[in-house]
Amino acid sequence: MNKLKTVLISGLISLFSTAVFANSANFAGPYIGLMSSVNGVTFDASHNSTSGDVTTGSAGKHAIIVGGEIGYVFPLGDLLAIDIGYNMVSGEAKLKTGTDRTTAIASDDVTFSASDPETYYIAPTIAVSETSSFYFKYGESEADVAVTGTVTDPGDMKGTTYALGSRTVLSNGIFVRTEAGYTEYDKLTVTGTGALDAATGKVKGVNTSTSVTA
C-alpha cells in the first residue's frame with residue numbers, strides 16, 4: 001500500500017488563560033494558537049498501463065508552513081489532564097504521471113494534489129512541574145485532494161496522526177509547545193474515464209483499463 005507520510009516538528013505559541021497551580025490544573029482551560037512547522041513529505045505512486053506495465057515514482061520536499069489550532073485541556077487529577085483540539089496547516093504536495101504514447105488523441109497525464117491537512121486529536125497529558133508537561137497525541141486527519149486528467153474522483157485522503165510533545169507555560173499565561181509527529185494516509189486509486197474514438201481508433205485521455213495509485 002502506497003501512503004503519504006508526513007513528519008512534523010512544530011513550535012506552537014498559544015494564548016492560555018488559567019491560574020498557576022502545582023498540578024494539572026495549571027494547564028486547564030481553552031486555548032487558541034498559531035503554529036509554525038517544518039515538514040518532510042513523501043508522495044509515492046504507481047501507474048498501471050493498458051498493456052499491464054507498471055511504472056512507479058515518488059515526490060518529496062521539505063517546507064516551512066504555518067497553521068492554527070484551538071483546543072481545551074480538562075484536568076483529571078493532580079498530574080493528569082486530557083487535551084482535546086483541532087489544527088489545520090496550509091501546504092500542498094503534488095505528483096504527476098503521464099506517457100508520451102501516440103495512441104491517444106487527448107492528454108493522459110494525471111496529477112494528484114494533496115493540500116491543507118487538518119487533524120482532530122486527543123492528547124493525554126502528564127504535568128511534571130508547575131510550568132511543564134508532556135503529552136502523547138492521537139488524531140484523525142484529513143487532507144483535500146484534487147486530481148486532473150480523465151480519471152475518476154478519489155475523494156479526500158484520511159489518515160491517522162501520532163505525536164509526542166511538551167508544553168511550557170510562561171508567567172503571563174502564554175505557553176510554548178514543541179511537538180514531533182507522524183501522519184500516515186491511506187492510498188488513493190483512480191481509474192481512467194477515457195473512451196475509444198471510433199473515427200480515429202485512438203483513446204481520448206486515460207483508458208478505462210488504466211489505474212493510477214498514490
# chains A, B, ... in the order shown; residues from 1 in each chain; ligands from 1
$ residues_around --residues "Thr208 (chain A)" --least-positions-apart "6" --cutoff "6 Å" --atoms "only C-alpha atoms" --output "JSON, numbers by chain"
{"A": [192, 193, 194]}
$ residues_around --residues "Val190 (chain A)" --least-positions-apart "2" --cutoff "8 Å" --atoms "only C-alpha atoms" --output "ChimeraX atom specification"
/A:151-154,188,192,211-213
$ atom_distance --atom1 "CA of Ile64 (chain A)" --atom2 "CA of Ser37 (chain A)"
5.5 Å
$ decode --residues "region 131-147 of chain A" --atoms "all heavy atoms" --output "short mmCIF file (atom, residue, chain, number, x, y, z; two decimals), in the first residue's frame"
data_model
loop_
_atom_site.label_atom_id
_atom_site.label_comp_id
_atom_site.auth_asym_id
_atom_site.auth_seq_id
_atom_site.Cartn_x
_atom_site.Cartn_y
_atom_site.Cartn_z
N THR A 131 5.04 24.36 35.64
CA THR A 131 5.05 25.03 34.34
C THR A 131 5.27 24.12 33.15
O THR A 131 5.18 24.58 32.01
CB THR A 131 6.15 26.12 34.32
OG1 THR A 131 7.42 25.51 34.55
CG2 THR A 131 5.88 27.18 35.37
N SER A 132 5.53 22.84 33.37
CA SER A 132 5.88 21.96 32.25
C SER A 132 5.04 20.68 32.27
O SER A 132 4.68 20.17 33.33
CB SER A 132 7.36 21.58 32.29
OG SER A 132 8.18 22.72 32.17
N SER A 133 4.77 20.18 31.07
CA SER A 133 4.05 18.92 30.93
C SER A 133 4.49 18.22 29.65
O SER A 133 5.03 18.85 28.73
CB SER A 133 2.53 19.15 30.90
OG SER A 133 2.16 19.89 29.75
N PHE A 134 4.23 16.90 29.59
CA PHE A 134 4.48 16.10 28.41
C PHE A 134 3.18 15.43 27.99
O PHE A 134 2.32 15.14 28.82
CB PHE A 134 5.56 15.04 28.67
CG PHE A 134 6.93 15.62 28.90
CD1 PHE A 134 7.37 15.89 30.18
CD2 PHE A 134 7.76 15.91 27.83
CE1 PHE A 134 8.63 16.42 30.41
CE2 PHE A 134 9.01 16.45 28.03
CZ PHE A 134 9.45 16.71 29.32
N TYR A 135 3.05 15.15 26.69
CA TYR A 135 1.81 14.55 26.22
C TYR A 135 2.06 13.60 25.05
O TYR A 135 3.07 13.68 24.34
CB TYR A 135 0.80 15.63 25.80
CG TYR A 135 1.24 16.49 24.66
CD1 TYR A 135 1.00 16.12 23.33
CD2 TYR A 135 1.91 17.69 24.89
CE1 TYR A 135 1.41 16.93 22.28
CE2 TYR A 135 2.32 18.49 23.84
CZ TYR A 135 2.07 18.10 22.53
OH TYR A 135 2.48 18.90 21.49
N PHE A 136 1.09 12.68 24.85
CA PHE A 136 1.03 11.83 23.68
C PHE A 136 -0.24 12.19 22.93
O PHE A 136 -1.32 12.30 23.53
CB PHE A 136 1.01 10.35 24.06
CG PHE A 136 0.64 9.45 22.91
CD1 PHE A 136 1.58 9.14 21.94
CD2 PHE A 136 -0.64 8.94 22.80
CE1 PHE A 136 1.24 8.33 20.87
CE2 PHE A 136 -0.99 8.12 21.73
CZ PHE A 136 -0.04 7.81 20.76
N LYS A 137 -0.15 12.37 21.62
CA LYS A 137 -1.29 12.80 20.82
C LYS A 137 -1.71 11.70 19.84
O LYS A 137 -0.89 11.10 19.16
CB LYS A 137 -0.95 14.06 20.04
CG LYS A 137 -2.08 14.54 19.11
CD LYS A 137 -1.63 15.69 18.22
CE LYS A 137 -1.44 16.96 19.01
NZ LYS A 137 -1.11 18.11 18.12
N TYR A 138 -3.03 11.48 19.79
CA TYR A 138 -3.63 10.62 18.76
C TYR A 138 -4.68 11.44 18.03
O TYR A 138 -5.52 12.10 18.66
CB TYR A 138 -4.27 9.38 19.38
CG TYR A 138 -5.12 8.61 18.38
CD1 TYR A 138 -4.52 7.69 17.51
CD2 TYR A 138 -6.49 8.82 18.30
CE1 TYR A 138 -5.29 7.00 16.59
CE2 TYR A 138 -7.26 8.13 17.37
CZ TYR A 138 -6.66 7.23 16.52
OH TYR A 138 -7.41 6.56 15.60
N GLY A 139 -4.64 11.42 16.70
CA GLY A 139 -5.59 12.22 15.94
C GLY A 139 -6.08 11.54 14.68
O GLY A 139 -5.43 10.66 14.13
N GLU A 140 -7.25 11.97 14.22
CA GLU A 140 -7.80 11.58 12.93
C GLU A 140 -7.60 12.74 11.97
O GLU A 140 -8.03 13.86 12.24
CB GLU A 140 -9.28 11.22 13.05
CG GLU A 140 -9.56 10.00 13.90
CD GLU A 140 -9.02 8.73 13.26
OE1 GLU A 140 -9.02 8.66 12.01
OE2 GLU A 140 -8.61 7.82 14.01
N SER A 141 -6.93 12.47 10.84
CA SER A 141 -6.52 13.53 9.92
C SER A 141 -7.21 13.39 8.57
O SER A 141 -7.62 12.30 8.16
CB SER A 141 -5.00 13.52 9.73
OG SER A 141 -4.34 13.70 10.96
N GLU A 142 -7.29 14.51 7.86
CA GLU A 142 -7.87 14.53 6.52
C GLU A 142 -7.18 15.60 5.71
O GLU A 142 -6.79 16.65 6.23
CB GLU A 142 -9.38 14.80 6.59
CG GLU A 142 -10.08 14.74 5.25
CD GLU A 142 -11.59 14.81 5.38
OE1 GLU A 142 -12.14 14.24 6.35
OE2 GLU A 142 -12.24 15.43 4.51
N ALA A 143 -6.99 15.35 4.41
CA ALA A 143 -6.37 16.32 3.51
C ALA A 143 -7.19 16.43 2.24
O ALA A 143 -7.72 15.42 1.74
CB ALA A 143 -4.93 15.92 3.19
N ASP A 144 -7.29 17.64 1.71
CA ASP A 144 -8.02 17.86 0.47
C ASP A 144 -7.24 17.28 -0.71
O ASP A 144 -6.02 17.42 -0.78
CB ASP A 144 -8.25 19.36 0.23
CG ASP A 144 -9.12 19.99 1.30
OD1 ASP A 144 -9.95 19.26 1.89
OD2 ASP A 144 -8.98 21.19 1.55
N VAL A 145 -7.94 16.64 -1.63
CA VAL A 145 -7.30 16.04 -2.79
C VAL A 145 -7.94 16.58 -4.07
O VAL A 145 -9.17 16.66 -4.18
CB VAL A 145 -7.44 14.50 -2.78
CG1 VAL A 145 -6.92 13.89 -4.08
CG2 VAL A 145 -6.68 13.92 -1.60
N ALA A 146 -7.09 16.98 -5.01
CA ALA A 146 -7.54 17.39 -6.34
C ALA A 146 -6.80 16.55 -7.36
O ALA A 146 -5.60 16.30 -7.22
CB ALA A 146 -7.28 18.88 -6.56
N VAL A 147 -7.50 16.10 -8.38
CA VAL A 147 -6.91 15.29 -9.44
C VAL A 147 -7.27 15.89 -10.79
O VAL A 147 -8.42 16.25 -11.03
CB VAL A 147 -7.42 13.83 -9.38
CG1 VAL A 147 -6.82 13.00 -10.51
CG2 VAL A 147 -7.05 13.20 -8.04
#
